[in-house]
Amino acid sequence: MSILHDLHELVGANVITDETAHQISDYYKKKQGNSLSGKSKQLLLFGILGAFLVGIGLLFIVANQWEELPRSVKTACAFLLLIVPQLLCVYAMYKKPDKVVWRESTALILFFAVCANISLVSQIYHINGDASTFIFTWMMLTVPLVYIMNSSAVSIGYLIGILSYSFAVRFDGNALLSDHLTWLLFLVPMPHYFKLIRSSSDSPLTKLLHWVVPAVLTLNLGTVIFNYGELMPPVYFTLFGIFYFLGSGDYFRNRTPEQNGYLIIGTLGSIITLIVMSFKSNWEKVSSLPHPFGTLSTSPEFIAFVLLFALASGILYREIRDRGLAGLRIMEVAWFLFLLIFALGFFTTISVFLVNIAVFATGVMMIREGAGKNNLSTLNSGMIVITILLICRSFDIDLTYVVKGLMFVGVGIGFFITNWWMLKKQRKNEAQ
């Protein structure tokens, strides 16, 4: 890097001391060691893709003459399919320990080889089983690769696999774990993930993990729904609030939106939840819930809400302690405001009106933020939020077609005017 070449000149000119120069040099060397060059990123991507294609190709080759092979040969093929990837992993560990492409590719080959081996052995010896048992066995046999091979690719595969297992548990009476205990399985690769965060890794797989982790948690939250699905909007909104907190933290502050799955999922999830709850029919379901607290307090939905509320409250308390109330953004307290609106929904229909106001205010704030930062994407996102709100209300409000048409014409004109004004403002700033 150019700054490293200038250090000697800066020391000679007494701009910095020798000690500061060494600290700067060590910092950038460490940063380079934790990051991948553009070429290495391409090698990693195509190495993983190649590993996936090799695994599929081997399965097709073996399947071509599979039925004509004797059982002993089938068994030998099944375990050869498992042994070869293990040898490749050993080679990568001892001969290519610093090569990320080798480590991730061989680990992923072994990850899929275990899946193929379990399937082949079950087919050869006619071992019956269900989907949940198969996925659980596969994940438990391969999760050590996350730490043995230091593999982020396997951790991604594991998280997706456990998500599949969690859904399979809901429909399988012979599951090895209850649907509540499956949440513990998501914690297994988390030390590896936290290690990547502490090392400030910017590899493509780390960036993908920043999307996979919140996405998997969001999808798996649906498995707690049993008898009181109407309680889930505040549960999801609180989870999205936690994601927004994490995505706004120091670690993601200087990263692009494409690298910040927490912020994007937290923001979009909150907006989608508000839009869904802007319909009166959803609040009628809330008001019809049984009021005795004892009936609701033991439900999985309420327990999930209490746990997430405690976590979100702890994060909010820390933010208030560090920055004060004046330093909080509206999105950081939106989850709490929604809880208050939801609580009102048990007793009054004013919650419908408040949620619609909240959706409209969100769109206006996004437009204002986009205009202030000269960001067309944010500005147009705010316009889209308001447009979706108008579309939703056109279905449940008795208005004439002329009025509805004028509403959409007005929004369309607003799109043209705001974008024209923003582009004109950007050109003026560039000219200066």
# chains A, B, ... in the order shown; residues from 1 in each chain; ligands from 1

$ select_by_dssp --residues "region 128-186 of chain A" --states "helix (DSSP H, G or I)" --output "ChimeraX atom specification"
/A:131-142,145-148,152-170,182-185

$ closest_atom_pairs --of "region 195-309 of chain A" --to "region 90-102 of chain A" --cutoff "12 Å" --atoms "only C-alpha atoms" --output "JSON lines"
{"residue": "A:Ser203", "atom": "CA", "partner": "A:Val100", "partner_atom": "CA", "distance": 9.6}
{"residue": "A:Pro204", "atom": "CA", "partner": "A:Val100", "partner_atom": "CA", "distance": 11.3}
{"residue": "A:Leu205", "atom": "CA", "partner": "A:Val100", "partner_atom": "CA", "distance": 10.7}

$ atom_distance --atom1 "CA of Leu80 (chain A)" --atom2 "CA of Ile162 (chain A)"
26.5 Å

$ closest_residue --among "A:Pro214, A:Gly222, A:Gly314, A:Pro234" --to "Ile265 (chain A)" --atoms "only C-alpha atoms"
A:Pro214

$ residues_around --residues "region 274-289 of chain A" --least-positions-apart "4" --cutoff "10 Å" --atoms "only C-alpha atoms" --output "VMD selection string"
chain A and resid 228 to 231 233 237 268 to 270 295 to 296 338 342 to 360 362 385 388 to 389 392 to 393 395 to 396

$ atom_distance --atom1 "CA of Leu184 (chain A)" --atom2 "CA of Ser166 (chain A)"
10.9 Å

$ residues_around --residues "Gly412 (chain A)" --least-positions-apart "5" --cutoff "12 Å" --atoms "only C-alpha atoms" --output "list in words"
Asn380, Met383, Ile384, Ile386, Thr387, Leu390, Gly405, Leu406, Met407, Ile417, Thr418 and Asn419 of chain A

$ atom_distance --atom1 "CA of Phe302 (chain A)" --atom2 "CA of Phe336 (chain A)"
15.8 Å

$ residues_around --residues "Ile303 (chain A)" --least-positions-apart "6" --cutoff "10 Å" --atoms "only C-alpha atoms" --output "list of chain:residue names"
A:Val224, A:Val235, A:Leu296, A:Ser297, A:Phe309

$ write_last_selection --atoms "C-alpha atoms" --output "PDB file, in the first residue's frame"
ATOM      1  CA  VAL A 224     -42.924 -20.795  17.482  1.00  0.00           C
ATOM      2  CA  VAL A 235     -42.508 -10.497  18.180  1.00  0.00           C
ATOM      3  CA  LEU A 296     -51.459 -16.270  26.826  1.00  0.00           C
ATOM      4  CA  SER A 297     -48.496 -16.197  29.201  1.00  0.00           C
ATOM      5  CA  PHE A 309     -38.254  -7.806  24.521  1.00  0.00           C
TER       6      PHE A 309
END
